file coords12.pdb (PDB, C-alpha atoms)
ATOM      1  CA  MET X   1     397.516  47.855  85.605
ATOM      2  CA  ILE X   2     396.606  46.875  82.033
ATOM      3  CA  GLN X   3     398.619  49.028  79.639
ATOM      4  CA  ILE X   4     397.002  49.688  76.274
ATOM      5  CA  ILE X   5     398.098  51.207  72.971
ATOM      6  CA  LEU X   6     395.131  52.470  70.973
ATOM      7  CA  ALA X   7     395.412  52.372  67.163
ATOM      8  CA  GLU X   8     392.576  54.042  65.263
ATOM      9  CA  ASP X   9     392.833  56.474  62.351
ATOM     10  CA  HIS X  10     389.578  58.334  63.095
ATOM     11  CA  ASN X  11     390.250  60.943  65.766
ATOM     12  CA  ILE X  12     386.691  61.132  67.102
ATOM     13  CA  VAL X  13     386.456  57.355  67.484
ATOM     14  CA  ARG X  14     389.920  57.110  69.054
ATOM     15  CA  ASN X  15     389.198  59.921  71.526
ATOM     16  CA  GLY X  16     385.909  58.313  72.499
ATOM     17  CA  ILE X  17     387.523  54.938  73.159
ATOM     18  CA  ARG X  18     390.335  56.538  75.134
ATOM     19  CA  SER X  19     387.831  58.429  77.287
ATOM     20  CA  LEU X  20     386.006  55.158  77.968
ATOM     21  CA  LEU X  21     389.153  53.219  78.871
ATOM     22  CA  GLU X  22     390.515  55.923  81.153
ATOM     23  CA  LYS X  23     387.447  55.624  83.375
ATOM     24  CA  GLU X  24     388.670  52.181  84.477
ATOM     25  CA  ASN X  25     391.096  52.264  87.404
ATOM     26  CA  ASP X  26     393.075  49.274  86.141
ATOM     27  CA  PHE X  27     393.495  50.566  82.559
ATOM     28  CA  GLU X  28     396.214  52.906  81.288
ATOM     29  CA  VAL X  29     396.388  54.157  77.694
ATOM     30  CA  THR X  30     400.146  54.390  77.185
ATOM     31  CA  GLY X  31     400.092  55.440  73.541
ATOM     32  CA  GLU X  32     397.945  56.345  70.549
ATOM     33  CA  ALA X  33     398.513  55.699  66.853
ATOM     34  CA  VAL X  34     396.709  56.303  63.575
ATOM     35  CA  ASN X  35     398.143  53.226  61.849
ATOM     36  CA  GLY X  36     400.037  50.024  62.505
ATOM     37  CA  ARG X  37     403.387  51.554  61.637
ATOM     38  CA  GLU X  38     403.041  54.086  64.448
ATOM     39  CA  VAL X  39     402.256  51.240  66.867
ATOM     40  CA  LEU X  40     405.532  49.550  65.936
ATOM     41  CA  GLU X  41     407.375  52.838  66.402
ATOM     42  CA  LEU X  42     405.852  53.320  69.860
ATOM     43  CA  LEU X  43     406.911  49.828  70.899
ATOM     44  CA  GLU X  44     410.414  50.361  69.508
ATOM     45  CA  LYS X  45     410.671  53.500  71.661
ATOM     46  CA  GLY X  46     409.918  51.389  74.710
ATOM     47  CA  ILE X  47     406.301  52.404  75.233
ATOM     48  CA  PRO X  48     404.840  49.561  77.339
ATOM     49  CA  ALA X  49     401.748  47.694  76.187
ATOM     50  CA  ASP X  50     399.958  44.565  77.328
ATOM     51  CA  ILE X  51     397.183  45.092  74.794
ATOM     52  CA  VAL X  52     397.084  46.766  71.394
ATOM     53  CA  LEU X  53     393.539  47.741  70.493
ATOM     54  CA  ALA X  54     393.626  48.163  66.714
ATOM     55  CA  ASP X  55     391.237  48.957  63.897
ATOM     56  CA  MET X  56     391.206  46.410  61.078
ATOM     57  CA  ASN X  57     391.437  49.034  58.307
ATOM     58  CA  MET X  58     394.180  51.613  58.854
ATOM     59  CA  PRO X  59     396.408  53.431  56.352
ATOM     60  CA  GLU X  60     400.029  52.385  55.732
ATOM     61  CA  LEU X  61     399.859  49.275  57.934
ATOM     62  CA  SER X  62     396.501  47.592  58.604
ATOM     63  CA  GLY X  63     395.458  45.752  61.737
ATOM     64  CA  ILE X  64     396.092  42.357  60.115
ATOM     65  CA  GLU X  65     399.533  43.434  58.896
ATOM     66  CA  LEU X  66     400.308  44.789  62.356
ATOM     67  CA  ILE X  67     399.398  41.473  63.989
ATOM     68  CA  SER X  68     401.655  39.631  61.558
ATOM     69  CA  ARG X  69     404.577  42.006  62.190
ATOM     70  CA  LEU X  70     404.206  41.750  65.954
ATOM     71  CA  LYS X  71     404.098  37.969  65.721
ATOM     72  CA  ASP X  72     407.241  37.894  63.568
ATOM     73  CA  GLN X  73     409.028  40.149  66.051
ATOM     74  CA  GLY X  74     408.033  37.993  69.006
ATOM     75  CA  ALA X  75     406.192  40.821  70.743
ATOM     76  CA  PHE X  76     404.520  39.904  74.014
ATOM     77  CA  CYS X  77     401.573  42.280  73.695
ATOM     78  CA  LYS X  78     398.196  40.912  72.593
ATOM     79  CA  VAL X  79     396.115  42.438  69.835
ATOM     80  CA  ILE X  80     392.373  43.033  69.924
ATOM     81  CA  VAL X  81     390.816  43.910  66.579
ATOM     82  CA  LEU X  82     388.042  46.498  66.776
ATOM     83  CA  SER X  83     386.325  46.599  63.404
ATOM     84  CA  ALA X  84     383.175  47.428  61.482
ATOM     85  CA  LEU X  85     383.790  44.364  59.301
ATOM     86  CA  ASP X  86     381.474  41.575  60.435
ATOM     87  CA  HIS X  87     381.993  38.966  57.725
ATOM     88  CA  GLU X  88     383.232  35.624  58.973
ATOM     89  CA  LYS X  89     386.240  35.641  56.635
ATOM     90  CA  TYR X  90     387.697  38.698  58.359
ATOM     91  CA  VAL X  91     387.274  37.141  61.797
ATOM     92  CA  VAL X  92     388.917  33.900  60.684
ATOM     93  CA  GLN X  93     391.739  35.798  58.997
ATOM     94  CA  ALA X  94     392.396  37.827  62.136
ATOM     95  CA  PHE X  95     392.584  34.767  64.393
ATOM     96  CA  HIS X  96     394.694  32.814  61.929
ATOM     97  CA  THR X  97     397.111  35.739  61.883
ATOM     98  CA  GLY X  98     397.326  35.763  65.667
ATOM     99  CA  THR X  99     394.813  38.174  67.140
ATOM    100  CA  SER X 100     393.508  37.474  70.635
ATOM    101  CA  GLY X 101     390.148  39.156  70.205
ATOM    102  CA  TYR X 102     387.706  40.473  67.634
ATOM    103  CA  LEU X 103     385.021  43.010  68.479
ATOM    104  CA  LEU X 104     382.670  44.932  66.256
ATOM    105  CA  LYS X 105     382.585  48.686  66.706
ATOM    106  CA  SER X 106     378.924  48.280  67.607
ATOM    107  CA  ALA X 107     379.919  46.361  70.770
ATOM    108  CA  SER X 108     378.883  47.980  74.035
ATOM    109  CA  PRO X 109     381.417  49.716  76.274
ATOM    110  CA  ASP X 110     380.840  47.032  78.927
ATOM    111  CA  GLU X 111     381.672  44.267  76.480
ATOM    112  CA  LEU X 112     384.850  46.020  75.307
ATOM    113  CA  ILE X 113     386.051  46.410  78.883
ATOM    114  CA  PHE X 114     385.193  42.786  79.694
ATOM    115  CA  ALA X 115     387.025  41.588  76.568
ATOM    116  CA  ILE X 116     390.191  43.508  77.458
ATOM    117  CA  ARG X 117     390.310  42.022  80.959
ATOM    118  CA  HIS X 118     389.434  38.556  79.645
ATOM    119  CA  ILE X 119     392.206  38.641  77.034
ATOM    120  CA  TYR X 120     394.717  40.126  79.458
ATOM    121  CA  ALA X 121     394.037  37.102  81.690
ATOM    122  CA  GLY X 122     395.139  34.815  78.855
ATOM    123  CA  SER X 123     391.982  33.934  76.940
ATOM    124  CA  GLN X 124     390.546  34.775  73.525
ATOM    125  CA  TYR X 125     387.340  36.661  72.835
ATOM    126  CA  ILE X 126     384.821  37.245  70.047
ATOM    127  CA  CYS X 127     382.079  39.797  70.628
ATOM    128  CA  SER X 128     378.628  38.513  71.559
ATOM    129  CA  GLU X 129     376.989  39.604  68.301
ATOM    130  CA  LEU X 130     379.393  37.495  66.270
ATOM    131  CA  THR X 131     379.397  34.533  68.659
ATOM    132  CA  SER X 132     375.603  34.360  68.570
ATOM    133  CA  ARG X 133     375.652  34.415  64.779
ATOM    134  CA  PHE X 134     378.374  31.761  64.553
ATOM    135  CA  LEU X 135     376.684  29.634  67.186
ATOM    136  CA  ASN X 136     373.389  29.672  65.293
ATOM    137  CA  ARG X 137     375.212  28.534  62.179
ATOM    138  CA  LEU X 138     377.004  25.800  64.093
ATOM    139  CA  LEU X 139     373.815  24.497  65.648
ATOM    140  CA  SER X 140     372.174  24.375  62.231
ATOM    141  CA  ILE X 141     374.754  21.878  60.956
ATOM    142  CA  PRO X 142     373.229  18.372  61.109
ATOM    143  CA  ASP X 143     375.014  15.624  63.054
ATOM    144  CA  VAL X 144     377.669  18.002  64.276
ATOM    145  CA  ALA X 145     380.374  16.238  66.278
ATOM    146  CA  LEU X 146     380.082  17.315  69.890
ATOM    147  CA  THR X 147     383.018  17.629  72.248
ATOM    148  CA  GLU X 148     382.753  15.484  75.368
ATOM    149  CA  PHE X 149     382.988  17.424  78.614
ATOM    150  CA  SER X 150     383.818  16.112  82.052
ATOM    151  CA  ASP X 151     380.885  15.027  84.174
ATOM    152  CA  GLY X 152     380.216  16.311  87.627
ATOM    153  CA  ILE X 153     380.369  20.068  87.007
ATOM    154  CA  GLU X 154     377.883  21.734  89.307
ATOM    155  CA  PHE X 155     376.206  25.099  88.728
ATOM    156  CA  SER X 156     374.458  27.339  91.218
ATOM    157  CA  SER X 157     371.030  28.748  90.394
ATOM    158  CA  ARG X 158     372.610  32.183  89.982
ATOM    159  CA  GLU X 159     375.178  30.816  87.508
ATOM    160  CA  ILE X 160     372.426  29.151  85.476
ATOM    161  CA  GLU X 161     370.446  32.386  85.505
ATOM    162  CA  ILE X 162     373.476  34.345  84.254
ATOM    163  CA  LEU X 163     374.210  31.695  81.621
ATOM    164  CA  GLY X 164     370.720  32.098  80.240
ATOM    165  CA  LEU X 165     371.032  35.881  80.054
ATOM    166  CA  VAL X 166     374.467  35.650  78.409
ATOM    167  CA  ALA X 167     372.996  33.302  75.796
ATOM    168  CA  GLU X 168     370.265  35.864  75.116
ATOM    169  CA  GLY X 169     372.944  38.451  74.334
ATOM    170  CA  TYR X 170     372.658  40.706  77.381
ATOM    171  CA  THR X 171     375.732  42.710  78.404
ATOM    172  CA  ASN X 172     377.256  42.448  81.867
ATOM    173  CA  GLN X 173     375.652  45.738  82.907
ATOM    174  CA  GLU X 174     372.234  44.706  81.600
ATOM    175  CA  ILE X 175     372.499  41.392  83.457
ATOM    176  CA  ALA X 176     373.539  43.222  86.626
ATOM    177  CA  ASP X 177     370.486  45.501  86.342
ATOM    178  CA  LYS X 178     368.172  42.544  85.794
ATOM    179  CA  ILE X 179     369.375  40.514  88.783
ATOM    180  CA  PHE X 180     370.032  43.509  91.032
ATOM    181  CA  THR X 181     373.743  43.126  91.554
ATOM    182  CA  SER X 182     376.927  44.895  90.436
ATOM    183  CA  LYS X 183     378.530  44.627  87.026
ATOM    184  CA  ARG X 184     381.766  43.380  88.626
ATOM    185  CA  THR X 185     379.860  40.570  90.327
ATOM    186  CA  VAL X 186     378.442  39.511  86.966
ATOM    187  CA  GLU X 187     381.924  39.689  85.412
ATOM    188  CA  GLY X 188     383.181  37.442  88.207
ATOM    189  CA  HIS X 189     380.398  34.887  87.640
ATOM    190  CA  ARG X 190     380.994  34.958  83.889
ATOM    191  CA  GLN X 191     384.725  34.361  84.280
ATOM    192  CA  ALA X 192     384.066  31.612  86.846
ATOM    193  CA  LEU X 193     381.738  29.883  84.370
ATOM    194  CA  ILE X 194     384.378  30.023  81.648
ATOM    195  CA  ASP X 195     387.013  28.651  84.043
ATOM    196  CA  LYS X 196     384.698  25.960  85.420
ATOM    197  CA  THR X 197     383.691  24.617  82.015
ATOM    198  CA  GLY X 198     387.084  25.052  80.391
ATOM    199  CA  ALA X 199     385.426  27.020  77.595
ATOM    200  CA  ARG X 200     387.781  29.066  75.403
ATOM    201  CA  ASN X 201     385.323  31.905  74.860
ATOM    202  CA  THR X 202     381.721  32.972  75.286
ATOM    203  CA  ALA X 203     380.523  31.019  72.236
ATOM    204  CA  ALA X 204     382.021  27.808  73.629
ATOM    205  CA  LEU X 205     380.459  28.532  77.034
ATOM    206  CA  ILE X 206     377.004  28.973  75.523
ATOM    207  CA  ARG X 207     377.426  25.848  73.413
ATOM    208  CA  PHE X 208     378.441  23.877  76.511
ATOM    209  CA  ALA X 209     375.305  25.067  78.295
ATOM    210  CA  LEU X 210     373.035  24.198  75.362
ATOM    211  CA  VAL X 211     374.560  20.806  74.610
ATOM    212  CA  ASN X 212     374.436  19.752  78.263
ATOM    213  CA  GLY X 213     370.883  20.971  78.781
ATOM    214  CA  ILE X 214     371.836  23.602  81.333
ATOM    215  CA  ILE X 215     369.847  26.177  79.382
ATOM    216  CA  ASN X 216     367.253  25.761  76.648
TER     217      ASN X 216
END
call {"tool": "encode", "arguments": {"input": "coords12.pdb", "output": "structure tokens"}}
result
Amino acid sequence: MIQIILAEDHNIVRNGIRSLLEKENDFEVTGEAVNGREVLELLEKGIPADIVLADMNMPELSGIELISRLKDQGAFCKVIVLSALDHEKYVVQAFHTGTSGYLLKSASPDELIFAIRHIYAGSQYICSELTSRFLNRLLSIPDVALTEFSDGIEFSSREIEILGLVAEGYTNQEIADKIFTSKRTVEGHRQALIDKTGARNTAALIRFALVNGIIN
């Protein structure tokens, strides 16, 4: 069971996210807060949390300040920033501070759920909209130094097909609909691709596929 504390100062948004998360059998929302200070108070009271899903801009104690406080206290829970702020400087700031994930509030429900499971498993995550934007910028840099990957990695035709759809920005559910399979099967393929290539996140996975000519 993945235990989650939800920190969001807008009641309608927070209630909507909670309703979404509670539909997943392996998710449990153990606490809610309207700012970072309330998150710290919940944790001090012993409320369990594997993940803290926090807005970037909150009164009293922001998402960035919360991440810093949790890091200083040696907390074991991971923080996912859910924000409307899409500028690169905010993403970089969040990861430098210690966040494990950054998603825009425009991200689909499927992507949010995938990100939570992905981060719970020990990885980092940036939403597909931002990774596509950053990847396009990276590919536009001339003579960029490319990381060397191990030879001999083999991909099935289904994995290549899913890689191509991921690169085009489709969600897990949209990919599942296109190839007539379940969303969980797509999630499994996507995680297997990340594990197989040693990619740290979706952007790195797509870059691996492009650089090695797996997709065009």
call {"tool": "closest_residue", "arguments": {"input": "coords12.pdb", "among": "X:Val34, X:Met58, X:Ala192, X:Ile113", "to": "Leu21 in chain X", "atoms": "all atoms listed in the file"}}
result
X:Ile113
call {"tool": "resolve_selection", "arguments": {"input": "coords12.pdb", "expression": "the PyMOL selection byres ((chain X and resi 199) around 12)", "output": "VMD selection string"}}
result
chain X and resid 123 to 125 147 149 to 150 190 to 198 200 to 209
call {"tool": "resolve_selection", "arguments": {"input": "coords12.pdb", "expression": "the PyMOL selection byres ((chain X and resi 161-178) around 8)", "output": "list of chain:residue names"}}
result
X:Ser108, X:Asp110, X:Glu111, X:Ser128, X:Glu129, X:Ser132, X:Ser157, X:Arg158, X:Glu159, X:Ile160, X:Ile179, X:Phe180, X:Thr181, X:Ser182, X:Lys183, X:Thr185, X:Val186, X:Glu187, X:His189, X:Arg190, X:Ile206, X:Ala209, X:Ile215
call {"tool": "atom_distance", "arguments": {"input": "coords12.pdb", "atom1": "CA of Ile5 in chain X", "atom2": "CA of His87 in chain X"}}
result
25.3 Å
call {"tool": "residues_around", "arguments": {"input": "coords12.pdb", "residues": "Gly31 in chain X", "least_positions_apart": "2", "cutoff": "7 Å", "atoms": "all atoms listed in the file", "output": "number ranges by chain"}}
result
X: 5-6, 29, 33
call {"tool": "atom_distance", "arguments": {"input": "coords12.pdb", "atom1": "CA of Ala115 in chain X", "atom2": "CA of Cys127 in chain X"}}
result
7.9 Å
call {"tool": "atom_distance", "arguments": {"input": "coords12.pdb", "atom1": "CA of Arg37 in chain X", "atom2": "CA of Leu61 in chain X"}}
result
5.6 Å
call {"tool": "closest_residue", "arguments": {"input": "coords12.pdb", "among": "X:Ala121, X:Val92, X:Gly46, X:Gly98", "to": "Ser68 in chain X", "atoms": "only C-alpha atoms"}}
result
X:Gly98
call {"tool": "resolve_selection", "arguments": {"input": "coords12.pdb", "expression": "the PyMOL selection byres ((chain X and resi 65) around 12)", "output": "PyMOL selection string"}}
result
chain X and resi 35-37+39-40+54-64+66-72+79+81+93-94+97-99
call {"tool": "residues_around", "arguments": {"input": "coords12.pdb", "residues": "Lys105 in chain X", "least_positions_apart": "6", "cutoff": "10 Å", "atoms": "all atoms listed in the file", "output": "list of chain:residue names"}}
result
X:Val13, X:Asp55, X:Val81, X:Leu82, X:Ser83, X:Ala84, X:Leu85, X:Asp86, X:Leu112, X:Cys127
call {"tool": "axis_aligned_box", "arguments": {"input": "coords12.pdb", "around": "range 111-121 of chain X", "padding_each_side": "3 Å", "output": "JSON"}}
result
{"center_x": 388.2, "center_y": 41.8, "center_z": 78.5, "size_x": 19.0, "size_y": 15.3, "size_z": 12.4}
call {"tool": "residues_around", "arguments": {"input": "coords12.pdb", "residues": "Ile4 in chain X", "least_positions_apart": "5", "cutoff": "10 Å", "atoms": "only C-alpha atoms", "output": "PyMOL selection string"}}
result
chain X and resi 18+21+27-32+47-53+77-79+116
call {"tool": "closest_residue", "arguments": {"input": "coords12.pdb", "among": "X:Ile2, X:Ile12, X:Leu43, X:Val91", "to": "His118 in chain X", "atoms": "all atoms listed in the file"}}
result
X:Ile2
